[in-house]
$ cat target19.txt   # compact mmCIF, C-alpha atoms
# COMPACT_ATOMS: atom_id res chain seq x y z
CA MET Z 31 0.00 0.00 0.00
CA ALA Z 32 1.28 3.47 -0.90
CA ALA Z 33 2.44 5.67 1.98
CA SER Z 34 -0.26 8.27 1.21
CA ASN Z 35 -2.98 5.62 1.56
CA LEU Z 36 -1.55 4.47 4.88
CA LEU Z 37 -1.59 8.04 6.18
CA TYR Z 38 -5.16 8.72 5.05
CA ALA Z 39 -6.34 5.42 6.58
CA LYS Z 40 -4.62 6.38 9.84
CA VAL Z 41 -6.48 9.71 9.95
CA LYS Z 42 -9.79 8.09 9.07
CA GLN Z 43 -9.42 5.40 11.74
CA GLY Z 44 -8.31 7.98 14.31
CA ILE Z 45 -11.47 10.05 13.73
CA ILE Z 46 -13.66 6.95 13.99
CA GLU Z 47 -12.00 5.96 17.28
CA SER Z 48 -12.52 9.49 18.65
CA ILE Z 49 -16.22 9.17 17.80
CA ASP Z 50 -16.48 5.70 19.34
CA ASN Z 51 -14.86 6.79 22.61
CA LYS Z 52 -17.14 9.88 22.77
CA GLU Z 53 -14.33 12.39 22.35
CA TYR Z 54 -16.26 13.62 19.30
CA ARG Z 55 -19.97 13.48 20.15
CA PRO Z 56 -23.00 13.47 17.80
CA ASN Z 57 -23.90 16.92 16.44
CA THR Z 58 -20.56 18.40 17.59
CA LYS Z 59 -17.84 19.86 15.41
CA ILE Z 60 -14.62 17.90 14.94
CA PRO Z 61 -11.26 19.72 14.97
CA SER Z 62 -10.35 21.90 11.99
CA GLU Z 63 -8.35 20.56 9.07
CA LYS Z 64 -5.30 22.42 10.38
CA ASN Z 65 -5.63 20.84 13.85
CA LEU Z 66 -6.05 17.38 12.32
CA CYS Z 67 -2.97 17.97 10.17
CA ASP Z 68 -1.00 18.83 13.31
CA THR Z 69 -2.43 15.90 15.30
CA TYR Z 70 -1.60 13.27 12.67
CA ASP Z 71 1.38 15.06 11.07
CA VAL Z 72 -0.12 14.82 7.59
CA SER Z 73 -1.03 17.18 4.74
CA ARG Z 74 -4.41 18.85 4.20
CA ILE Z 75 -4.95 16.67 1.12
CA THR Z 76 -4.69 13.56 3.32
CA VAL Z 77 -7.10 14.97 5.93
CA ARG Z 78 -9.59 16.01 3.26
CA LYS Z 79 -9.55 12.54 1.71
CA ALA Z 80 -10.30 10.92 5.10
CA ILE Z 81 -13.11 13.39 5.83
CA LYS Z 82 -14.59 12.96 2.33
CA GLU Z 83 -14.90 9.19 2.82
CA LEU Z 84 -16.42 9.60 6.28
CA VAL Z 85 -19.00 12.02 4.82
CA GLU Z 86 -19.83 9.51 2.07
CA GLU Z 87 -20.25 6.79 4.71
CA GLY Z 88 -22.71 8.93 6.69
CA ILE Z 89 -20.45 9.39 9.71
CA LEU Z 90 -19.60 13.08 9.23
CA ASN Z 91 -21.29 15.98 7.51
CA THR Z 92 -19.60 19.15 6.27
CA TYR Z 93 -21.40 22.50 6.28
CA GLN Z 94 -19.90 25.26 4.17
CA GLY Z 95 -18.57 28.03 6.38
CA LYS Z 96 -19.28 26.09 9.60
CA GLY Z 97 -17.01 23.05 9.57
CA THR Z 98 -17.42 19.28 9.84
CA PHE Z 99 -19.75 17.66 12.35
CA VAL Z 100 -20.42 14.16 13.67
CA ILE Z 101 -23.77 12.85 12.46
CA ASN Z 102 -26.24 11.35 14.91
CA GLU Z 103 -26.74 7.61 14.76
CA LYS Z 104 -29.11 6.46 12.04
CA ILE Z 105 -32.75 6.16 13.01
CA GLU Z 106 -34.32 2.80 12.27
CA ASN Z 107 -37.26 2.84 9.90
CA GLU Z 108 -39.94 2.68 12.62
CA LEU Z 109 -39.92 6.47 12.38
CA LEU Z 110 -41.34 6.16 8.87
CA GLU Z 111 -43.92 3.54 9.80
CA VAL Z 112 -47.54 4.31 10.62
CA GLY Z 113 -48.03 6.87 13.37
CA GLY Z 114 -47.51 10.57 13.85
CA PHE Z 115 -44.16 12.24 14.30
CA THR Z 116 -45.16 13.74 17.66
CA ASP Z 117 -46.28 10.32 18.90
CA PHE Z 118 -42.93 8.85 17.82
CA GLY Z 119 -41.09 11.41 19.91
CA ILE Z 120 -43.20 10.74 22.99
CA ASP Z 121 -42.93 6.95 22.65
CA ASN Z 122 -39.15 7.03 22.18
CA ASN Z 123 -38.27 9.87 24.57
CA ARG Z 124 -36.91 12.00 21.73
CA ASN Z 125 -37.22 15.75 21.34
CA THR Z 126 -39.30 16.70 18.32
CA LYS Z 127 -40.57 19.91 16.84
CA GLN Z 128 -42.03 21.06 13.56
CA ILE Z 129 -41.46 24.26 11.61
CA THR Z 130 -44.32 25.20 9.29
CA ILE Z 131 -43.17 26.62 5.96
CA SER Z 132 -46.67 27.08 4.53
CA CYS Z 133 -50.28 26.28 5.44
CA GLU Z 134 -52.89 26.94 2.77
CA VAL Z 135 -56.13 25.70 1.20
CA VAL Z 136 -55.54 24.46 -2.35
CA SER Z 137 -57.12 22.51 -5.20
CA SER Z 138 -55.35 19.49 -6.69
CA GLU Z 139 -56.85 17.03 -9.18
CA ARG Z 140 -53.99 14.62 -8.54
CA HIS Z 141 -54.92 14.41 -4.86
CA CYS Z 142 -58.65 14.18 -5.61
CA THR Z 143 -57.95 10.92 -7.39
CA LYS Z 144 -55.61 9.57 -4.72
CA LEU Z 145 -57.96 10.42 -1.85
CA ASN Z 146 -61.18 9.42 -3.63
CA VAL Z 147 -62.89 12.79 -3.23
CA PRO Z 148 -65.00 14.75 -5.76
CA HIS Z 149 -63.52 16.76 -8.60
CA ASN Z 150 -62.47 20.30 -7.55
CA SER Z 151 -62.32 19.38 -3.85
CA LYS Z 152 -60.26 21.56 -1.53
CA PHE Z 153 -57.34 20.41 0.62
CA LEU Z 154 -55.37 21.77 3.51
CA LYS Z 155 -51.79 21.68 2.25
CA LEU Z 156 -49.18 21.66 5.00
CA LEU Z 157 -45.49 22.04 4.23
CA ARG Z 158 -43.42 21.41 7.35
CA VAL Z 159 -39.89 20.55 8.41
CA MET Z 160 -39.79 17.96 11.18
CA TRP Z 161 -36.89 18.26 13.62
CA LEU Z 162 -35.51 15.46 15.76
CA ASP Z 163 -33.14 16.24 18.66
CA ASP Z 164 -32.39 19.78 17.42
CA GLU Z 165 -31.69 18.69 13.84
CA PRO Z 166 -33.88 19.00 10.72
CA PHE Z 167 -34.86 15.44 9.88
CA PHE Z 168 -37.37 15.41 7.05
CA ILE Z 169 -39.64 17.60 4.96
CA ASP Z 170 -43.34 16.67 4.99
CA CYS Z 171 -45.81 18.01 2.43
CA SER Z 172 -49.30 16.74 3.39
CA HIS Z 173 -52.72 17.13 1.77
CA ILE Z 174 -55.83 16.62 3.93
CA PRO Z 175 -59.23 16.64 2.14
CA LEU Z 176 -61.62 19.24 3.53
CA ASP Z 177 -64.67 17.51 2.03
CA THR Z 178 -63.96 14.54 4.27
CA TYR Z 179 -62.67 16.45 7.30
CA LYS Z 180 -64.78 19.59 7.30
CA ASP Z 181 -63.26 22.70 8.88
CA PHE Z 182 -59.96 20.94 9.45
CA ASP Z 183 -58.27 24.10 8.16
CA LYS Z 184 -60.06 26.14 10.84
CA LYS Z 185 -59.44 23.71 13.69
CA TYR Z 186 -55.79 23.13 12.89
CA ARG Z 187 -53.30 25.40 14.65
CA ILE Z 188 -49.68 25.82 13.59
CA GLY Z 189 -47.60 23.27 15.47
CA ASP Z 190 -50.50 20.89 16.17
CA SER Z 191 -50.21 17.15 15.61
CA THR Z 192 -52.43 16.41 12.60
CA TYR Z 193 -52.89 12.79 13.68
CA ARG Z 194 -54.01 13.87 17.14
CA LEU Z 195 -56.53 16.30 15.65
CA LEU Z 196 -57.85 13.57 13.36
CA ARG Z 197 -58.26 11.24 16.34
CA GLU Z 198 -59.84 13.71 18.72
CA GLU Z 199 -62.06 15.74 16.41
CA TYR Z 200 -62.91 13.29 13.62
CA LYS Z 201 -62.58 9.90 15.35
CA THR Z 202 -60.18 8.85 12.60
CA ASN Z 203 -57.07 6.78 13.24
CA VAL Z 204 -54.40 6.36 10.58
CA LEU Z 205 -53.58 2.70 11.15
CA LYS Z 206 -51.79 1.76 7.94
CA ASP Z 207 -50.31 3.31 4.85
CA ASP Z 208 -49.03 2.62 1.37
CA LYS Z 209 -45.59 3.95 0.48
CA VAL Z 210 -43.53 4.31 -2.67
CA ILE Z 211 -39.86 5.04 -1.97
CA HIS Z 212 -37.44 6.70 -4.39
CA VAL Z 213 -33.95 8.14 -4.03
CA LYS Z 214 -33.45 11.73 -5.18
CA MET Z 215 -30.64 14.23 -4.93
CA ALA Z 216 -31.20 17.29 -2.73
CA GLY Z 217 -31.77 20.49 -4.66
CA SER Z 218 -31.25 24.00 -3.32
CA PHE Z 219 -34.73 24.04 -1.72
CA GLU Z 220 -34.28 20.75 0.14
CA SER Z 221 -30.68 21.52 1.13
CA LYS Z 222 -31.75 24.81 2.69
CA LEU Z 223 -34.53 23.24 4.76
CA LEU Z 224 -32.60 20.11 5.76
CA LYS Z 225 -29.24 21.91 6.19
CA CYS Z 226 -27.53 19.41 3.91
CA SER Z 227 -25.40 19.68 0.80
CA VAL Z 228 -26.88 20.11 -2.67
CA GLY Z 229 -26.68 16.69 -4.33
CA GLU Z 230 -26.86 14.73 -1.08
CA PRO Z 231 -29.02 11.57 -1.48
CA LEU Z 232 -32.53 11.80 -0.02
CA PHE Z 233 -35.26 9.24 0.42
CA TYR Z 234 -38.34 10.60 -1.39
CA ILE Z 235 -41.35 8.81 0.08
CA GLN Z 236 -44.87 9.08 -1.34
CA LYS Z 237 -47.28 8.03 1.39
CA LEU Z 238 -51.03 7.39 1.43
CA GLY Z 239 -52.43 7.16 4.97
CA LEU Z 240 -55.38 4.78 5.48
CA ASP Z 241 -57.89 4.27 8.28
CA ASP Z 242 -58.99 0.92 9.72
CA ASN Z 243 -61.46 0.45 6.85
CA ASN Z 244 -58.79 1.13 4.23
CA ASN Z 245 -60.29 4.52 3.42
CA PRO Z 246 -57.68 7.10 2.33
CA VAL Z 247 -57.14 9.81 4.94
CA HIS Z 248 -54.29 11.96 3.61
CA THR Z 249 -51.28 12.02 1.34
CA SER Z 250 -47.75 12.95 2.35
CA GLU Z 251 -44.59 13.48 0.37
CA LEU Z 252 -41.51 13.15 2.53
CA PHE Z 253 -37.90 14.08 1.85
CA CYS Z 254 -35.56 12.45 4.35
CA ARG Z 255 -31.76 12.41 4.44
CA ALA Z 256 -30.65 8.94 3.37
CA ASN Z 257 -27.62 8.99 5.67
CA ARG Z 258 -29.89 9.46 8.70
CA VAL Z 259 -32.32 6.56 8.22
CA SER Z 260 -31.96 2.81 7.84
CA LEU Z 261 -34.90 1.24 6.02
CA THR Z 262 -35.76 -2.43 6.49
CA ILE Z 263 -38.34 -4.62 4.78
CA ASN Z 264 -40.22 -7.29 6.70
CA ASN Z 265 -42.09 -9.86 4.63
CA LYS Z 266 -45.06 -11.14 6.60
CA SER Z 267 -47.54 -13.80 5.53
$ encode --input "target19.txt" --output "structure tokens"
Amino acid sequence: MAASNLLYAKVKQGIIESIDNKEYRPNTKIPSEKNLCDTYDVSRITVRKAIKELVEEGILNTYQGKGTFVINEKIENELLEVGGFTDFGIDNNRNTKQITISCEVVSSERHCTKLNVPHNSKFLKLLRVMWLDDEPFFIDCSHIPLDTYKDFDKKYRIGDSTYRLLREEYKTNVLKDDKVIHVKMAGSFESKLLKCSVGEPLFYIQKLGLDDNNNPVHTSELFCRANRVSLTINNKS
């Protein structure tokens, strides 16, 4: 192995060990390139190569003008299973919050078909960023049919749990869903909201929420950072 590869592997392993022994904690900034060069007695090119691979492996993330940070551990895919985001936080003792980007009543023929409501029906369209443990986690664009859930737009308050409102006001529980999962690259809009790099891989999830009678309740389009979630598939008979 070339000497340069040995040096870069040494830096990479050293950073991993510092993360494992909690010297570098999740969501904290690692030392600057200059400090790492001094610590390992290597060039900036070597340090940058080690950091680049750790970013690609989902261990570090680099923010322009801010530095390089340790990424939180990946969240298993139960977060993307049926159930509201607020409920997930409560059940798993995690801090959650949502930031509403827009809340408006709209028309959408595409969603009329998906949600089995009459032509020209109105929807409450909610565009939110869901945060987990002080970090933007995914973008959620939901459509809730106002023909089915009358005055939902008037009863909903910014920051409310939509699933809780559906349960308490409309006696509707979202108990299952259908999902289609794609991988897309973050554009400037997604990178700004998720504080990630343009071009970073995202899971793009199209979700149709269903009640216990298989009636469609809402649609959601989610953009989630692929290096923050592990998805698993369970085949059940």
$ axis_aligned_box --input "target19.txt" --around "region 85-94 of chain Z" --padding-each-side "3 Å" --output "lines of an AutoDock Vina configuration file"
center_x = -20.9
center_y = 16.0
center_z = 5.9
size_x = 9.7
size_y = 24.5
size_z = 13.6
$ closest_atom_pairs --input "target19.txt" --of "region 128-184 of chain Z" --to "region 217-234 of chain Z" --cutoff "8 Å" --atoms "all atoms listed in the file" --output "tab-separated table"
residue	atom	partner	partner_atom	distance
Z:Val159	CA	Z:Leu223	CA	7.0
Z:Pro166	CA	Z:Leu224	CA	5.2
Z:Phe167	CA	Z:Leu224	CA	6.6
Z:Phe168	CA	Z:Leu224	CA	6.8
Z:Ile169	CA	Z:Leu224	CA	7.5
$ closest_residue --input "target19.txt" --among "Z:Thr143, Z:Asn203, Z:Ser151, Z:Thr58" --to "Thr249 (chain Z)" --atoms "all atoms listed in the file"
Z:Thr143
$ residues_around --input "target19.txt" --residues "Ala80 (chain Z)" --least-positions-apart "4" --cutoff "10 Å" --atoms "only C-alpha atoms" --output "number ranges by chain"
Z: 35, 37-45, 74-76, 84-85
$ residues_near_point --input "target19.txt" --point "(-56.5, 15.1, 13.0)" --cutoff "10 Å" --atoms "all atoms listed in the file" --output "ChimeraX atom specification"
/Z:174,179,182,185-186,190-204,247
$ atom_distance --input "target19.txt" --atom1 "CA of Glu134 (chain Z)" --atom2 "CA of Leu176 (chain Z)"
11.7 Å
$ closest_residue --input "target19.txt" --among "Z:Leu90, Z:Asp163, Z:Gln236, Z:Ser62" --to "Val77 (chain Z)" --atoms "all atoms listed in the file"
Z:Ser62
$ atom_distance --input "target19.txt" --atom1 "CA of Lys155 (chain Z)" --atom2 "CA of Arg140 (chain Z)"
13.1 Å
$ residues_near_point --input "target19.txt" --point "(-29.6, 16.7, 20.8)" --cutoff "9 Å" --atoms "all atoms listed in the file" --output "number ranges by chain"
Z: 56-57, 102, 124-125, 162-165
$ closest_residue --input "target19.txt" --among "Z:Pro246, Z:Gly95, Z:Pro61, Z:Gly88" --to "Cys142 (chain Z)" --atoms "all atoms listed in the file"
Z:Pro246
$ atom_distance --input "target19.txt" --atom1 "CA of Lys152 (chain Z)" --atom2 "CA of Ser138 (chain Z)"
7.4 Å
$ closest_residue --input "target19.txt" --among "Z:Ile81, Z:Ile131, Z:Met160, Z:Leu252" --to "Leu238 (chain Z)" --atoms "only C-alpha atoms"
Z:Leu252
$ closest_residue --input "target19.txt" --among "Z:Lys82, Z:Lys127, Z:His141, Z:Lys59" --to "Gly97 (chain Z)" --atoms "only C-alpha atoms"
Z:Lys59
$ closest_residue --input "target19.txt" --among "Z:Leu145, Z:Val135, Z:Ile129, Z:Val72" --to "Arg158 (chain Z)" --atoms "all atoms listed in the file"
Z:Ile129
